[in-house]
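Reproduced below: work22.pdb, with PDB, C-alpha atoms.
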```pdb
ATOM      1  CA  MET A  22     -36.617  10.068-151.524
ATOM      2  CA  LYS A  23     -36.135  10.160-147.732
ATOM      3  CA  THR A  24     -32.731  10.978-146.247
ATOM      4  CA  PRO A  25     -31.728   9.008-143.203
ATOM      5  CA  ARG A  26     -31.869  10.900-139.922
ATOM      6  CA  GLY A  27     -28.233  10.211-139.005
ATOM      7  CA  SER A  28     -27.012  11.672-142.292
ATOM      8  CA  VAL A  29     -28.872  14.956-141.582
ATOM      9  CA  LEU A  30     -27.168  15.312-138.211
ATOM     10  CA  VAL A  31     -23.747  14.722-139.765
ATOM     11  CA  LEU A  32     -24.358  17.414-142.368
ATOM     12  CA  LEU A  33     -25.435  19.934-139.762
ATOM     13  CA  LEU A  34     -22.295  19.365-137.742
ATOM     14  CA  LEU A  35     -20.074  19.836-140.848
ATOM     15  CA  ASN A  36     -21.776  23.174-141.654
ATOM     16  CA  LEU A  37     -21.226  24.453-138.147
ATOM     17  CA  LEU A  38     -17.544  23.564-138.288
ATOM     18  CA  ARG A  39     -17.160  25.520-141.592
ATOM     19  CA  VAL A  40     -18.813  28.631-140.198
ATOM     20  CA  SER A  41     -16.639  28.549-137.075
ATOM     21  CA  TRP A  42     -13.472  28.153-139.125
ATOM     22  CA  ALA A  43     -14.424  31.017-141.408
ATOM     23  CA  GLN A  44     -15.150  33.331-138.512
ATOM     24  CA  SER A  45     -11.855  32.526-136.867
ATOM     25  CA  ASN A  46      -9.951  33.380-140.066
ATOM     26  CA  CYS A  47     -11.780  36.731-140.532
ATOM     27  CA  ILE A  48     -11.933  38.168-136.961
ATOM     28  CA  GLY A  49      -8.524  37.101-135.573
ATOM     29  CA  PRO A  50      -7.639  35.966-132.057
ATOM     30  CA  SER A  51     -10.599  35.568-129.598
ATOM     31  CA  ILE A  52     -10.913  37.360-126.186
ATOM     32  CA  PRO A  53     -11.206  35.013-123.184
ATOM     33  CA  GLY A  54     -14.607  35.015-121.592
ATOM     34  CA  ILE A  55     -15.540  35.614-117.929
ATOM     35  CA  PRO A  56     -14.640  32.662-115.733
ATOM     36  CA  GLY A  57     -17.564  30.559-114.826
ATOM     37  CA  ILE A  58     -18.907  29.865-111.328
ATOM     38  CA  PRO A  59     -16.937  27.171-109.511
ATOM     39  CA  GLY A  60     -18.708  23.902-109.468
ATOM     40  CA  LYS A  61     -19.633  21.909-106.392
ATOM     41  CA  PRO A  62     -16.875  19.829-104.742
ATOM     42  CA  GLY A  63     -16.781  16.329-105.946
ATOM     43  CA  PRO A  64     -17.206  13.380-103.550
ATOM     44  CA  ASP A  65     -14.295  12.114-101.387
ATOM     45  CA  GLY A  66     -12.036   9.650-103.041
ATOM     46  CA  LYS A  67     -11.291   6.230-101.689
ATOM     47  CA  PRO A  68      -8.816   5.942 -98.748
ATOM     48  CA  GLY A  69      -5.264   5.619 -99.851
ATOM     49  CA  THR A  70      -2.877   2.813 -98.984
ATOM     50  CA  PRO A  71      -1.476   3.132 -95.384
ATOM     51  CA  GLY A  72       2.044   4.486 -95.319
ATOM     52  CA  THR A  73       5.030   2.842 -93.582
ATOM     53  CA  LYS A  74       5.647   3.383 -89.808
ATOM     54  CA  GLY A  75       7.907   6.340 -89.068
ATOM     55  CA  GLU A  76      10.985   6.330 -86.859
ATOM     56  CA  LYS A  77      10.666   6.741 -83.052
ATOM     57  CA  GLY A  78      10.896  10.371 -81.978
ATOM     58  CA  LEU A  79      13.073  11.873 -79.232
ATOM     59  CA  PRO A  80      11.764  11.721 -75.607
ATOM     60  CA  GLY A  81       9.648  14.690 -74.568
ATOM     61  CA  ARG A  82      10.649  17.064 -71.773
ATOM     62  CA  VAL A  83       8.099  17.483 -68.942
ATOM     63  CA  SER A  84       9.935  19.576 -66.380
ATOM     64  CA  HIS A  85       6.994  20.873 -64.334
ATOM     65  CA  LEU A  86       6.110  17.413 -62.936
ATOM     66  CA  ASN A  87       9.345  17.248 -60.850
ATOM     67  CA  GLU A  88       8.964  20.637 -59.193
ATOM     68  CA  ASN A  89       7.212  21.009 -55.767
ATOM     69  CA  GLY A  90       4.526  23.601 -55.515
ATOM     70  CA  GLU A  91       3.970  26.010 -52.639
ATOM     71  CA  LYS A  92       2.867  24.590 -49.274
ATOM     72  CA  GLY A  93      -0.863  24.818 -48.791
ATOM     73  CA  ASP A  94      -2.810  25.973 -45.695
ATOM     74  CA  PRO A  95      -3.424  23.437 -42.887
ATOM     75  CA  GLY A  96      -6.685  21.575 -43.177
ATOM     76  CA  PHE A  97      -9.429  21.367 -40.554
ATOM     77  CA  PRO A  98      -8.921  18.797 -37.711
ATOM     78  CA  GLY A  99     -10.554  15.473 -38.406
ATOM     79  CA  MET A 100     -13.075  13.697 -36.170
ATOM     80  CA  PRO A 101     -11.610  11.836 -33.148
ATOM     81  CA  GLY A 102     -10.982   8.176 -33.834
ATOM     82  CA  LYS A 103     -12.203   5.236 -31.772
ATOM     83  CA  VAL A 104     -10.436   4.311 -28.558
ATOM     84  CA  GLY A 105      -7.746   1.782 -29.304
ATOM     85  CA  PRO A 106      -7.078  -1.398 -27.302
ATOM     86  CA  LYS A 107      -5.308  -1.140 -23.986
ATOM     87  CA  GLY A 108      -1.577  -1.470 -24.358
ATOM     88  CA  PRO A 109       0.649  -3.751 -22.299
ATOM     89  CA  ILE A 110       1.835  -2.674 -18.870
ATOM     90  CA  GLY A 111       5.081  -0.813 -19.097
ATOM     91  CA  PRO A 112       8.185  -1.692 -17.135
ATOM     92  CA  LYS A 113       8.500  -0.565 -13.536
ATOM     93  CA  GLY A 114      10.084   2.839 -13.232
ATOM     94  CA  VAL A 115      13.141   3.634 -11.214
ATOM     95  CA  PRO A 116      12.553   4.766  -7.607
ATOM     96  CA  GLY A 117      12.212   8.481  -7.184
ATOM     97  CA  PRO A 118      14.453  10.572  -4.976
ATOM     98  CA  PRO A 119      13.740  10.605  -1.212
ATOM     99  CA  GLY A 120      11.156  13.143  -0.166
ATOM    100  CA  ALA A 121      11.699  16.017   2.167
ATOM    101  CA  ARG A 122      11.800  15.321   5.875
ATOM    102  CA  GLY A 123       8.382  15.657   7.474
ATOM    103  CA  PRO A 124       7.492  17.933  10.368
ATOM    104  CA  LYS A 125       8.111  16.871  13.920
ATOM    105  CA  GLY A 126       5.297  14.759  15.326
ATOM    106  CA  GLU A 127       3.192  15.532  18.341
ATOM    107  CA  SER A 128       4.184  14.430  21.792
ATOM    108  CA  GLY A 129       3.395  10.826  22.544
ATOM    109  CA  ASP A 130       0.433   9.812  24.690
ATOM    110  CA  TYR A 131       1.478   9.038  28.240
ATOM    111  CA  ARG A 132      -0.751   5.950  28.150
ATOM    112  CA  ALA A 133       1.467   4.401  25.477
ATOM    113  CA  THR A 134       4.232   4.189  28.066
ATOM    114  CA  GLN A 135       2.077   2.287  30.518
ATOM    115  CA  LYS A 136       3.132  -1.305  31.043
ATOM    116  CA  ILE A 137       0.323  -3.657  32.002
ATOM    117  CA  ALA A 138       1.097  -7.369  32.222
ATOM    118  CA  PHE A 139       0.488 -10.304  34.518
ATOM    119  CA  SER A 140       1.298 -13.974  34.824
ATOM    120  CA  ALA A 141       0.126 -16.298  37.619
ATOM    121  CA  SER A 142       0.278 -20.038  38.274
ATOM    122  CA  ARG A 143      -2.131 -22.351  40.090
ATOM    123  CA  THR A 144      -0.891 -24.187  43.169
ATOM    124  CA  ILE A 145      -4.350 -25.246  44.413
ATOM    125  CA  ASN A 146      -5.131 -28.847  43.597
ATOM    126  CA  HIS A 147      -8.842 -28.872  44.505
ATOM    127  CA  HIS A 148     -11.770 -30.148  42.479
ATOM    128  CA  LEU A 149     -13.480 -27.387  40.452
ATOM    129  CA  ARG A 150     -17.219 -26.960  40.126
ATOM    130  CA  PRO A 151     -18.752 -26.121  36.696
ATOM    131  CA  GLY A 152     -19.167 -22.336  36.350
ATOM    132  CA  GLN A 153     -16.528 -21.589  39.015
ATOM    133  CA  PRO A 154     -13.755 -19.030  38.171
ATOM    134  CA  ILE A 155     -10.366 -20.738  38.114
ATOM    135  CA  ARG A 156      -7.959 -19.143  40.571
ATOM    136  CA  PHE A 157      -4.312 -18.806  39.651
ATOM    137  CA  ASP A 158      -3.139 -17.953  43.127
ATOM    138  CA  HIS A 159       0.619 -17.626  42.740
ATOM    139  CA  ILE A 160       1.551 -14.307  41.139
ATOM    140  CA  ILE A 161       4.650 -14.387  38.949
ATOM    141  CA  THR A 162       4.284 -10.928  37.333
ATOM    142  CA  ASN A 163       1.644  -8.264  37.962
ATOM    143  CA  ALA A 164       2.681  -4.878  36.512
ATOM    144  CA  ASN A 165       0.209  -2.172  37.640
ATOM    145  CA  ASP A 166      -1.700  -4.750  39.765
ATOM    146  CA  ASN A 167      -4.584  -5.305  37.369
ATOM    147  CA  TYR A 168      -4.799  -9.029  38.245
ATOM    148  CA  GLN A 169      -6.389 -10.221  41.520
ATOM    149  CA  ALA A 170      -5.084 -13.539  42.822
ATOM    150  CA  ARG A 171      -8.003 -14.009  45.284
ATOM    151  CA  SER A 172     -10.605 -13.986  42.469
ATOM    152  CA  GLY A 173      -8.464 -15.134  39.537
ATOM    153  CA  LYS A 174      -9.750 -12.182  37.473
ATOM    154  CA  PHE A 175      -7.987  -9.488  35.452
ATOM    155  CA  THR A 176      -9.670  -6.039  35.609
ATOM    156  CA  CYS A 177      -9.015  -3.555  32.807
ATOM    157  CA  LYS A 178      -7.911  -0.088  33.975
ATOM    158  CA  VAL A 179      -6.635   1.211  30.592
ATOM    159  CA  PRO A 180      -8.923   0.560  27.594
ATOM    160  CA  GLY A 181      -7.216  -0.980  24.584
ATOM    161  CA  LEU A 182      -6.138  -4.226  22.922
ATOM    162  CA  TYR A 183      -4.971  -7.051  25.214
ATOM    163  CA  PHE A 184      -3.447 -10.474  24.646
ATOM    164  CA  PHE A 185      -4.381 -13.395  26.947
ATOM    165  CA  THR A 186      -3.028 -16.943  27.027
ATOM    166  CA  TYR A 187      -3.117 -19.980  29.303
ATOM    167  CA  HIS A 188      -1.230 -23.277  29.661
ATOM    168  CA  ALA A 189      -3.073 -25.896  31.702
ATOM    169  CA  SER A 190      -1.858 -29.301  32.876
ATOM    170  CA  SER A 191      -4.551 -31.932  33.316
ATOM    171  CA  ARG A 192      -5.096 -35.641  33.871
ATOM    172  CA  GLY A 193      -8.097 -36.507  31.730
ATOM    173  CA  GLN A 194     -10.643 -34.412  29.884
ATOM    174  CA  LEU A 195     -10.435 -30.638  30.224
ATOM    175  CA  CYS A 196     -12.551 -27.782  28.897
ATOM    176  CA  VAL A 197     -12.314 -24.168  30.073
ATOM    177  CA  ASP A 198     -14.343 -21.097  29.124
ATOM    178  CA  LEU A 199     -12.710 -17.696  28.676
ATOM    179  CA  MET A 200     -15.083 -15.063  30.068
ATOM    180  CA  ARG A 201     -15.289 -11.262  29.763
ATOM    181  CA  GLY A 202     -17.614  -8.525  31.038
ATOM    182  CA  GLN A 203     -18.531  -6.418  34.038
ATOM    183  CA  ALA A 204     -21.645  -7.170  36.067
ATOM    184  CA  GLU A 205     -22.603 -10.232  34.008
ATOM    185  CA  PRO A 206     -19.542 -11.684  32.211
ATOM    186  CA  GLN A 207     -20.168 -13.596  28.978
ATOM    187  CA  LYS A 208     -18.332 -16.550  27.461
ATOM    188  CA  VAL A 209     -16.010 -15.611  24.574
ATOM    189  CA  VAL A 210     -14.458 -18.984  23.616
ATOM    190  CA  THR A 211     -14.118 -22.526  24.961
ATOM    191  CA  PHE A 212     -10.860 -24.502  24.837
ATOM    192  CA  CYS A 213     -11.077 -28.312  25.083
ATOM    193  CA  ASP A 214      -8.857 -31.374  24.994
ATOM    194  CA  TYR A 215      -9.874 -35.004  25.532
ATOM    195  CA  VAL A 216      -7.620 -37.747  26.936
ATOM    196  CA  GLN A 217      -8.037 -40.561  29.460
ATOM    197  CA  ASN A 218      -5.802 -41.256  32.509
ATOM    198  CA  THR A 219      -2.729 -39.451  31.243
ATOM    199  CA  PHE A 220      -1.099 -36.080  31.736
ATOM    200  CA  GLN A 221      -1.475 -33.478  29.017
ATOM    201  CA  VAL A 222      -0.926 -29.752  28.489
ATOM    202  CA  THR A 223      -3.706 -27.650  26.964
ATOM    203  CA  THR A 224      -3.046 -24.146  25.702
ATOM    204  CA  GLY A 225      -5.028 -21.322  24.112
ATOM    205  CA  SER A 226      -4.748 -17.609  23.425
ATOM    206  CA  ILE A 227      -6.857 -14.660  22.248
ATOM    207  CA  VAL A 228      -6.702 -10.904  21.592
ATOM    208  CA  LEU A 229      -9.518  -8.770  23.079
ATOM    209  CA  LYS A 230     -10.440  -5.090  22.908
ATOM    210  CA  LEU A 231     -11.448  -4.192  26.436
ATOM    211  CA  GLU A 232     -13.274  -1.257  27.945
ATOM    212  CA  LYS A 233     -12.468   0.165  31.354
ATOM    213  CA  GLU A 234     -13.562  -2.036  34.316
ATOM    214  CA  GLU A 235     -14.143  -5.120  32.157
ATOM    215  CA  THR A 236     -12.908  -8.367  33.709
ATOM    216  CA  VAL A 237     -11.326 -11.390  32.002
ATOM    217  CA  PHE A 238     -10.938 -14.842  33.610
ATOM    218  CA  LEU A 239     -11.061 -18.599  32.980
ATOM    219  CA  GLN A 240     -14.090 -20.590  34.139
ATOM    220  CA  ALA A 241     -14.410 -24.320  34.817
ATOM    221  CA  THR A 242     -16.856 -26.638  33.007
ATOM    222  CA  ASP A 243     -18.051 -30.193  33.729
ATOM    223  CA  LYS A 244     -14.803 -31.451  32.149
ATOM    224  CA  ASN A 245     -12.403 -30.126  34.797
ATOM    225  CA  ALA A 246      -9.428 -32.457  35.247
ATOM    226  CA  LEU A 247      -7.151 -29.430  35.856
ATOM    227  CA  VAL A 248      -4.200 -30.012  38.207
ATOM    228  CA  GLY A 249      -1.832 -27.642  39.939
ATOM    229  CA  ILE A 250       1.095 -29.542  41.340
ATOM    230  CA  GLU A 251       4.854 -29.259  41.259
ATOM    231  CA  GLY A 252       6.120 -30.424  37.902
ATOM    232  CA  ALA A 253       2.682 -29.976  36.261
ATOM    233  CA  ASN A 254       1.942 -26.246  36.438
ATOM    234  CA  SER A 255      -1.006 -24.347  35.021
ATOM    235  CA  ILE A 256      -0.481 -20.656  34.137
ATOM    236  CA  PHE A 257      -2.722 -17.739  33.119
ATOM    237  CA  SER A 258      -1.107 -14.637  31.532
ATOM    238  CA  GLY A 259      -2.015 -11.414  29.761
ATOM    239  CA  PHE A 260      -0.651  -8.006  28.749
ATOM    240  CA  LEU A 261      -1.581  -4.725  27.044
ATOM    241  CA  LEU A 262      -0.772  -4.477  23.337
ATOM    242  CA  PHE A 263      -2.055  -0.989  22.393
ATOM    243  CA  PRO A 264      -4.018   1.499  24.529
ATOM    244  CA  ASP A 265      -6.927   3.385  22.976
ATOM    245  CA  ALA A 266      -6.129   6.850  21.627
ATOM    246  CA  GLU A 267      -8.849   8.374  23.809
ATOM    247  CA  MET A 268      -9.996   7.301  27.224
TER     248      MET A 268
END
```

Would you write out, as structure tokens, the structure that this file holds?
Amino acid sequence: MKTPRGSVLVLLLLNLLRVSWAQSNCIGPSIPGIPGIPGKPGPDGKPGTPGTKGEKGLPGRVSHLNENGEKGDPGFPGMPGKVGPKGPIGPKGVPGPPGARGPKGESGDYRATQKIAFSASRTINHHLRPGQPIRFDHIITNANDNYQARSGKFTCKVPGLYFFTYHASSRGQLCVDLMRGQAEPQKVVTFCDYVQNTFQVTTGSIVLKLEKEETVFLQATDKNALVGIEGANSIFSGFLLFPDAEM
């Protein structure tokens, strides 16, 4: 008769339990054995439930941020920048103090004290030919005698700047040339005025730089209605303004 397999296993286990119980009753208390080798760590467990938020802590103390450190060494100069725009003009400054008195000047040139001037009127009431010098025969002023009444010409004796002027009375058209030069005088300017059958006064003036022995005079043209009568005078005048520094 066959015994089931499960029954055999149960019987074996019961026999082992009897033997172990008998041994424990005969020998007495057992001696602990040598501890075994620790096993490998088990796997991490699942994350726990998050805890509640804690209370706010006290403020921290960071004292070193408010303290200045030691001054460092100067750095190298930077590159020059671009030229900026021109600024506005500043206000005018106050006048400075007067300067020191200058040294005494040199003695004046004796020529600066020379007085050269003339003025003459025309009393001749004759017809003038074109190109003829106009004579102003009546001398009013002739300082240093540089004007000749017989020729009507002024001759320069002191080189320099001279002023000449004339006032001419006429009845009709009148044009006169102002001449200058030595052997062959040349025309400088022409003064003209045009009227018909009536009295008029023509005037003109000029400043000339003359050399020694140059002559200056007025010369008639084809328009020559010049008169020289009482109550209608014609006058030619001139004088030295500044002599040259060197003769």

task = Specify as JSON, numbers by chain each residue included when the PyMOL selection byres ((chain A and resi 197-209) around 8) is applied to this file.
result = {"A": [195, 196, 210, 211, 212, 213, 234, 235, 236, 237, 238, 239, 240, 241, 242, 244, 245]}

May I have the selected residues written with C-alpha atoms, as an mmCIF file, in the coordinates of the input?
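Saved as out_1.cif:
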```cif
data_model
loop_
_atom_site.group_PDB
_atom_site.id
_atom_site.type_symbol
_atom_site.label_atom_id
_atom_site.label_comp_id
_atom_site.auth_asym_id
_atom_site.auth_seq_id
_atom_site.Cartn_x
_atom_site.Cartn_y
_atom_site.Cartn_z
ATOM 1 C CA LEU A 195 -10.435 -30.638 30.224
ATOM 2 C CA CYS A 196 -12.551 -27.782 28.897
ATOM 3 C CA VAL A 210 -14.458 -18.984 23.616
ATOM 4 C CA THR A 211 -14.118 -22.526 24.961
ATOM 5 C CA PHE A 212 -10.860 -24.502 24.837
ATOM 6 C CA CYS A 213 -11.077 -28.312 25.083
ATOM 7 C CA GLU A 234 -13.562 -2.036 34.316
ATOM 8 C CA GLU A 235 -14.143 -5.120 32.157
ATOM 9 C CA THR A 236 -12.908 -8.367 33.709
ATOM 10 C CA VAL A 237 -11.326 -11.390 32.002
ATOM 11 C CA PHE A 238 -10.938 -14.842 33.610
ATOM 12 C CA LEU A 239 -11.061 -18.599 32.980
ATOM 13 C CA GLN A 240 -14.090 -20.590 34.139
ATOM 14 C CA ALA A 241 -14.410 -24.320 34.817
ATOM 15 C CA THR A 242 -16.856 -26.638 33.007
ATOM 16 C CA LYS A 244 -14.803 -31.451 32.149
ATOM 17 C CA ASN A 245 -12.403 -30.126 34.797
#
```

key: Contacts of Pro180 in chain A at 7 Å (all atoms listed in the file; same-chain gap of 3+ positions) as a ChimeraX atom specification   = /A:177,231-233,264-265,268

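Between CA of Thr176 in chain A and CA of Phe263 in chain A lies a distance of 16.1 Å.
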
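Take CA of Leu229 in chain A and CA of Arg156 in chain A: the distance between them is 20.4 Å.
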
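Rounded to one decimal, CA of Asp166 in chain A and CA of Asn146 in chain A lie 24.6 Å from each other.
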
Produce the centre coordinates and the three edge lengths, each in Å to one decimal, of the box along x, y and z that contains all listed atoms of range 236-239 of chain A with 5 Å added on each side, as JSON.
```
{"center_x": -11.9, "center_y": -13.5, "center_z": 32.9, "size_x": 12.0, "size_y": 20.2, "size_z": 11.7}
```

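If you apply the PyMOL selection byres ((chain A and resi 216) around 8) to this structure, you end up with Arg192, Gly193, Gln194, Asp214, Tyr215, Gln217, Asn218, Thr219 and Gln221 of chain A.
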
key: Residue neighbourhood range 254-258 of chain A, 6 Å, all atoms listed in the file, exclusion window fewer than 2 positions, as a PyMOL selection string   = chain A and resi 139-143+185-190+249-250

query = How would you write, as a list in words, the residues chosen by the PyMOL selection byres ((chain A and resi 164) around 7) on this structure?
reply = Lys136, Ile137, Ala138, Phe139, Thr162, Asn163, Asn165 and Asp166 of chain A
